[in-house]
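Inspection log for the structure reproduced underneath, given as C-alpha cells.
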Amino acid sequence: MQRVTFTYGTSLPGTLGRTGVISTPHGDVATPAFVPVGTKATVKTVLPEAVAGLGAQAVLANAYHLYLQPGHDIVDQAGGLGAFMNWSGPTYTDSGGFQVMSLGAGFKKVISMDVSGHQDDAKIAEGRERLARVDDDGVTFKSHLDGSRHRFTPELSMQIQHGLGADIIFGFDELTTLMNTRAYQENSLERTRLWAIRCLAEHNRLSAQRTHRPAQSLWAVIQGAQYEDLRRKAARDLTEISERDQADGGKGFGGFGIGGALEKQNLGTIVGWVNSELPQDKPKHLLGISEPDDIFTAIENGADTFDCVSPTRVARNGAIYSLDGRYNVTNARFRDDFGSLDPEIENYTSQYSRAYLHHLFKAKEGLAATLATLHNLAFVIDMVDGARRAIENGDYFEYRDQFLGRYYRGKTP
C-alpha cells in the first residue's frame, strides 16, 4: 500500500525555503503549493473539475463540518472524501479543533493576525454564548447548526478523519488566541502534546484495522502562539514523539502543521522558529494564510503548503485579486468597464468583463460568485506555482520583489 512521502527538491539559498514533492495514494503535490479549502466537501460555488482545471493539486475539507453533516460514516461508505466529492487528487482534512474552538469560544474574532489589547481568558464577546468547554480529555461543544451537544476527543477526531479518508490528516489540538495569557498557553501546549500522543496511538490502531482503505498520513499541529520558547518546545516535543513511535514500529507523524495565533508582523519569525527545529525531511503545512506577502514570507521560512478560505470567501462578496492589488468589482466605476478582471492574466474568467461581473453581483446572480471564485483561486495558485518555479530557476527573490512591489503599490486596475 502506497504511503504518503516527501521528496526534498531545490533549496532557496539563505533561507529555510525549498521545493519538494508530497506523494500520496491519489497523486503528487509539487511544493510550495496553495491548497484550496472545500470545507463541506465542496469549494463553494464551483465544480471540482473546475478547481482541478485551475491547477489546484489538492483540496482541504473540514472534519468538524463533515462530522455534523452528513457524517463521516456516510463519506466512508462513499469510498472516502475524494470519491464522495468526485475529486481524484490528494485531499487534506483538518482535525476539527479550529472550528470547535472558534465557533464555540464566543470571541468576536478568535484568530487574528493583529491584536491591540488583551482579553481575559474567561471572558467572551458581549451577547455571545460560550459553546465549547475544554478539559484535559477533550472538548464538549454545541453544534452551531442546531445546538445539539457533542464531544471531540483526540480518538474521535482520528476516527472521523479516517472515515473521511483524506490522504493527509491533522492531529487534534487546542486552539489558543493572542488574547490568552502566558500561563494558559503553557497549559494548553502540554494538553496538545498529550493529545498528539493519543492521536498517534489511535491513528496506528485504525491504520492497522482499515487496510482496505488507502494509507493516510497524520501530521501533528504545533501551537505556542507568539512565544519562541513554546513554539520551539512544541516542535521538539512532537518530533520526539514521532521518532519514538517509529522506533516502536508505529507510523510516526508524516509531517507537521503550524497553527494557532500568528501576528502578521511576526509570521515569518514564528514559522522560522518552528521549522528550524523540525526535521527537514518532513513536509510542513501552514494553516490559514493566503495574502501574497504572508505566503512569500512563509515560503522563505520553510512552509511547503498553505490553505485559506479567504480567496473564495472574499470572492463571493465581489473582491477580486489582480496583479495591481485587490479591488471590489461591485464599485460603481466598473459598471461600464468592459475589460477583463485582470488584463494581464489568462484564466477561465478572462472571457468575462468587469461590467458583466458588476452586473451579476448587483443582480444577485449566483454566477457572480462562481466566476469571481474561479479567478481568485487561479490567481493565488498561479502566484505560488510561480514562486516554486522561481526557486527552481534561481530567480525567486526577483520574482517576489516584482510581484509584491506591484501588488502593494496602491494601484488598482
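Ligands are numbered from 1 in the order shown, chains are lettered A, B, ... in the order of the C-alpha cells, and residues start at 1 in each chain.
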As a ChimeraX atom specification, list the residues of region 160-401 of chain A assigned to strand (DSSP E or B) by DSSP on the backbone atoms of this structure.
/A:168-170,217-222,255-258,284-287,305-308,319-320,327-328,340,353
Env of Ala368 (chain A): 12 Å cut, atoms = only C-alpha atoms, seq-sep filter 3 positions within chain, self excluded. Answer as an MDAnalysis selection string.
chainID A and resid 45:46 312 314:320 329:330 349 352:365 371:375
What are the nearest atom pairs, with distances in Å to one decimal, for all residues of region 211-317 of chain A that come at most 12 Å from region 81-95 of chain A, using only C-alpha atoms, set out by chain and rising residue number as JSON lines?
```
{"residue": "A:Arg213", "atom": "CA", "partner": "A:Leu81", "partner_atom": "CA", "distance": 11.6}
{"residue": "A:Pro214", "atom": "CA", "partner": "A:Pro90", "partner_atom": "CA", "distance": 11.3}
{"residue": "A:Ala215", "atom": "CA", "partner": "A:Pro90", "partner_atom": "CA", "distance": 11.8}
{"residue": "A:Gln216", "atom": "CA", "partner": "A:Tyr92", "partner_atom": "CA", "distance": 9.7}
{"residue": "A:Ser217", "atom": "CA", "partner": "A:Tyr92", "partner_atom": "CA", "distance": 9.5}
{"residue": "A:Leu218", "atom": "CA", "partner": "A:Thr93", "partner_atom": "CA", "distance": 10.0}
{"residue": "A:Trp219", "atom": "CA", "partner": "A:Asp94", "partner_atom": "CA", "distance": 9.6}
{"residue": "A:Ala220", "atom": "CA", "partner": "A:Ser95", "partner_atom": "CA", "distance": 10.0}
{"residue": "A:Val221", "atom": "CA", "partner": "A:Ser95", "partner_atom": "CA", "distance": 9.4}
{"residue": "A:Phe256", "atom": "CA", "partner": "A:Asp94", "partner_atom": "CA", "distance": 11.8}
{"residue": "A:Gly257", "atom": "CA", "partner": "A:Asp94", "partner_atom": "CA", "distance": 9.6}
{"residue": "A:Ile258", "atom": "CA", "partner": "A:Asp94", "partner_atom": "CA", "distance": 11.8}
{"residue": "A:Gly259", "atom": "CA", "partner": "A:Asp94", "partner_atom": "CA", "distance": 10.7}
{"residue": "A:His285", "atom": "CA", "partner": "A:Tyr92", "partner_atom": "CA", "distance": 10.4}
{"residue": "A:Leu286", "atom": "CA", "partner": "A:Asp94", "partner_atom": "CA", "distance": 11.6}
{"residue": "A:Leu287", "atom": "CA", "partner": "A:Asp94", "partner_atom": "CA", "distance": 9.1}
{"residue": "A:Gly288", "atom": "CA", "partner": "A:Asp94", "partner_atom": "CA", "distance": 10.9}
{"residue": "A:Thr305", "atom": "CA", "partner": "A:Tyr92", "partner_atom": "CA", "distance": 10.9}
{"residue": "A:Phe306", "atom": "CA", "partner": "A:Tyr92", "partner_atom": "CA", "distance": 11.0}
{"residue": "A:Asp307", "atom": "CA", "partner": "A:Tyr92", "partner_atom": "CA", "distance": 9.9}
{"residue": "A:Cys308", "atom": "CA", "partner": "A:Asp94", "partner_atom": "CA", "distance": 11.8}
```
Could you tell me which of A:Tyr8, A:Phe170, A:Phe34, A:Tyr227 comes closest to Phe253 (chain A) if we count only C-alpha atoms?
A:Phe170
Residue neighbourhood Ser290 (chain A), 12 Å, only C-alpha atoms, exclusion window fewer than 2 positions, as a ChimeraX atom specification
/A:33-37,264,286-288,292-299,305-314,321,376-377,379-381,383-384
Mind dumping the selected residues with C-alpha atoms as a short mmCIF file (atom, residue, chain, number, x, y, z; two decimals), in the first residue's frame?
```cif
data_model
loop_
_atom_site.label_atom_id
_atom_site.label_comp_id
_atom_site.auth_asym_id
_atom_site.auth_seq_id
_atom_site.Cartn_x
_atom_site.Cartn_y
_atom_site.Cartn_z
CA ALA A 33 1.59 24.81 -3.17
CA PHE A 34 -1.64 26.54 -2.24
CA VAL A 35 -4.41 24.13 -1.22
CA PRO A 36 -7.97 25.45 -1.81
CA VAL A 37 -10.45 24.88 1.00
CA LYS A 264 1.16 39.23 10.91
CA LEU A 286 0.81 26.49 7.41
CA LEU A 287 -2.85 26.62 8.33
CA GLY A 288 -5.00 29.53 7.25
CA PRO A 292 0.52 37.36 -1.03
CA ASP A 293 3.05 38.88 1.37
CA ASP A 294 2.28 36.27 4.03
CA ILE A 295 2.68 33.41 1.55
CA PHE A 296 6.07 34.62 0.34
CA THR A 297 7.20 35.10 3.94
CA ALA A 298 6.01 31.60 4.82
CA ILE A 299 7.78 30.05 1.82
CA THR A 305 1.78 24.04 1.65
CA PHE A 306 -0.87 26.54 2.75
CA ASP A 307 -4.65 26.74 2.90
CA CYS A 308 -7.14 29.51 3.47
CA VAL A 309 -10.81 30.25 2.82
CA SER A 310 -10.10 33.92 2.16
CA PRO A 311 -9.71 33.93 -1.65
CA THR A 312 -13.07 32.20 -2.09
CA ARG A 313 -14.84 33.97 0.76
CA VAL A 314 -13.96 37.48 -0.41
CA TYR A 321 -7.31 39.72 -6.81
CA ASN A 376 -9.21 34.39 -7.22
CA LEU A 377 -8.24 30.73 -6.87
CA PHE A 379 -4.59 33.97 -9.07
CA VAL A 380 -3.30 32.52 -5.78
CA ILE A 381 -2.49 29.09 -7.26
CA MET A 383 1.30 33.01 -7.77
CA VAL A 384 2.54 30.10 -5.63
#
```
CA of Val43 (chain A) to CA of Ile74 (chain A), straight-line distance in Å
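So the two atoms, CA of Ile74 (chain A) and CA of Val43 (chain A), lie 19.1 Å apart.
Residues surrounding His65 (chain A) within 12 Å are Gly38, Thr39, Lys40, Ala41, Thr42, Ala61, Asn62, Ala63, Tyr67, Leu68, Gln69, Pro70, Gly71, His72, Thr93, Asp94, Ser95, Gly96, Gly97, Phe98, Gln99, Val100, Leu103, Ser143, His144, Leu145, Ile160, Gln161 and Leu164 of chain A [only C-alpha atoms; sequence separation below 2 positions excluded].
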For the residues in the current selection, export N, CA and C atoms as a compact mmCIF listing (two decimals), in the first residue's frame.
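What landed in part35.txt:
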```txt
# COMPACT_ATOMS: atom_id res chain seq x y z
N GLY A 38 -12.17 23.24 0.65
CA GLY A 38 -13.51 22.75 0.33
C GLY A 38 -14.17 22.30 1.62
N THR A 39 -14.55 23.23 2.45
CA THR A 39 -14.96 22.99 3.83
C THR A 39 -15.91 21.80 3.98
N LYS A 40 -16.99 21.81 3.23
CA LYS A 40 -18.02 20.77 3.36
C LYS A 40 -17.98 19.81 2.18
N ALA A 41 -16.77 19.45 1.76
CA ALA A 41 -16.56 18.59 0.59
C ALA A 41 -16.97 19.29 -0.69
N THR A 42 -16.81 20.61 -0.70
CA THR A 42 -17.03 21.40 -1.91
C THR A 42 -16.31 22.73 -1.76
N ALA A 61 -10.67 19.69 3.29
CA ALA A 61 -12.03 19.72 3.84
C ALA A 61 -11.98 19.75 5.36
N ASN A 62 -13.14 19.97 5.96
CA ASN A 62 -13.20 20.23 7.39
C ASN A 62 -13.87 19.10 8.15
N ALA A 63 -13.14 18.51 9.10
CA ALA A 63 -13.65 17.37 9.85
C ALA A 63 -14.85 17.74 10.71
N TYR A 67 -18.40 16.01 10.04
CA TYR A 67 -18.89 15.19 11.15
C TYR A 67 -20.35 15.52 11.45
N LEU A 68 -20.66 16.82 11.47
CA LEU A 68 -22.03 17.25 11.77
C LEU A 68 -22.97 16.97 10.61
N GLN A 69 -22.45 17.08 9.39
CA GLN A 69 -23.31 16.92 8.21
C GLN A 69 -22.45 16.61 6.99
N PRO A 70 -22.57 15.47 6.35
CA PRO A 70 -23.59 14.42 6.51
C PRO A 70 -23.21 13.35 7.53
N GLY A 71 -22.01 13.42 8.10
CA GLY A 71 -21.48 12.38 8.98
C GLY A 71 -20.36 11.64 8.29
N HIS A 72 -19.28 11.39 9.04
CA HIS A 72 -18.12 10.73 8.43
C HIS A 72 -18.42 9.31 8.00
N THR A 93 -7.66 16.80 5.44
CA THR A 93 -8.72 17.23 6.36
C THR A 93 -8.06 17.77 7.62
N ASP A 94 -8.59 18.87 8.15
CA ASP A 94 -8.12 19.33 9.45
C ASP A 94 -8.84 18.55 10.54
N SER A 95 -8.41 18.77 11.77
CA SER A 95 -8.84 17.91 12.87
C SER A 95 -10.21 18.26 13.43
N GLY A 96 -10.70 19.45 13.10
CA GLY A 96 -11.92 19.95 13.73
C GLY A 96 -11.64 20.83 14.93
N GLY A 97 -10.39 20.84 15.41
CA GLY A 97 -10.07 21.63 16.59
C GLY A 97 -10.29 23.11 16.40
N PHE A 98 -9.92 23.64 15.24
CA PHE A 98 -10.10 25.07 14.99
C PHE A 98 -11.57 25.46 15.08
N GLN A 99 -12.43 24.69 14.41
CA GLN A 99 -13.84 25.05 14.38
C GLN A 99 -14.52 24.83 15.74
N VAL A 100 -14.16 23.75 16.42
CA VAL A 100 -14.73 23.51 17.73
C VAL A 100 -14.46 24.69 18.65
N LEU A 103 -15.78 28.42 16.76
CA LEU A 103 -17.23 28.57 16.75
C LEU A 103 -17.83 28.52 18.14
N SER A 143 -23.37 22.17 18.69
CA SER A 143 -23.36 22.37 17.26
C SER A 143 -23.84 23.76 16.91
N HIS A 144 -23.15 24.42 15.98
CA HIS A 144 -23.61 25.73 15.52
C HIS A 144 -24.84 25.58 14.62
N LEU A 145 -25.16 24.34 14.20
CA LEU A 145 -26.31 24.12 13.32
C LEU A 145 -27.62 24.05 14.09
N ILE A 160 -13.03 10.14 12.97
CA ILE A 160 -13.72 10.94 11.95
C ILE A 160 -12.85 11.07 10.71
N GLN A 161 -11.58 11.42 10.90
CA GLN A 161 -10.72 11.68 9.75
C GLN A 161 -10.37 10.40 9.00
N LEU A 164 -13.34 9.90 6.89
CA LEU A 164 -13.33 10.81 5.75
C LEU A 164 -12.31 10.38 4.69
```
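Minimum atom-to-atom distance to Asn275 (chain A), evaluated using only C-alpha atoms, belongs to A:Ala235 out of A:Ala235, A:Arg244, A:Ile345, A:Ser207.
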With only C-alpha atoms as the counted atoms, please give the residues lying no more than 8 Å from Leu238 (chain A), apart from itself and same-chain residues fewer than 3 positions off, as a PyMOL selection string.
chain A and resi 193+196+220+222+234-235+241-242
Create the file for the chosen residues now, containing N, CA and C atoms and written as a short mmCIF file (atom, residue, chain, number, x, y, z; two decimals), in the first residue's frame.
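part_2.cif was written with the following content:
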```cif
data_model
loop_
_atom_site.label_atom_id
_atom_site.label_comp_id
_atom_site.auth_asym_id
_atom_site.auth_seq_id
_atom_site.Cartn_x
_atom_site.Cartn_y
_atom_site.Cartn_z
N ARG A 193 0.20 18.44 23.48
CA ARG A 193 1.24 17.41 23.39
C ARG A 193 0.68 16.04 23.78
N ALA A 196 -1.56 14.77 21.15
CA ALA A 196 -0.82 14.27 19.98
C ALA A 196 -0.42 12.81 20.17
N ALA A 220 1.19 16.28 12.94
CA ALA A 220 0.99 16.94 14.22
C ALA A 220 0.90 18.45 14.03
N ILE A 222 1.53 22.25 15.56
CA ILE A 222 2.38 22.97 16.52
C ILE A 222 1.71 24.28 16.91
N ALA A 234 7.34 22.93 21.42
CA ALA A 234 6.33 22.11 20.76
C ALA A 234 6.92 21.35 19.58
N ALA A 235 7.73 22.02 18.79
CA ALA A 235 8.35 21.37 17.63
C ALA A 235 9.27 20.22 18.07
N ILE A 241 8.16 12.63 19.92
CA ILE A 241 7.04 11.68 19.96
C ILE A 241 7.01 10.85 18.68
N SER A 242 7.19 11.51 17.56
CA SER A 242 7.17 10.82 16.27
C SER A 242 8.29 9.80 16.15
#
```
Counting only C-alpha atoms, what is within 8 Å of His162 (chain A), bar same-chain residues fewer than 4 positions away, as a PyMOL selection string?
chain A and resi 158+166+206+216
Residue selection dump (C-alpha atoms) as a CSV table (one decimal), in the first residue's frame:
```csv
chain,number,residue,atom,x,y,z
A,158,MET,CA,-8.9,10.3,14.3
A,166,ALA,CA,-8.1,12.1,3.3
A,206,LEU,CA,-7.1,2.5,12.8
A,216,GLN,CA,-3.2,8.1,5.4
```
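In this comparison, which uses only C-alpha atoms, the residue of A:Leu12, A:Leu60, A:Leu230, A:Val21 approaching Pro283 (chain A) most closely is A:Val21.
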Contacts of Pro13 (chain A) at 10 Å or less, counting only C-alpha atoms, minus same-chain residues fewer than 4 places along, as number ranges by chain?
A: 17-18, 300, 391, 394, 396
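Here CA of Phe6 (chain A) stands at a distance of 8.5 Å from CA of Gly254 (chain A).
Distances here use only C-alpha atoms; by that measure, the residue among A:Glu186, A:Asp135, A:Asp76, A:Glu392 closest to Gly163 (chain A) is A:Asp76.
Here CA of Asp304 (chain A) and CA of Gln57 (chain A) stand 13.0 Å from one another.
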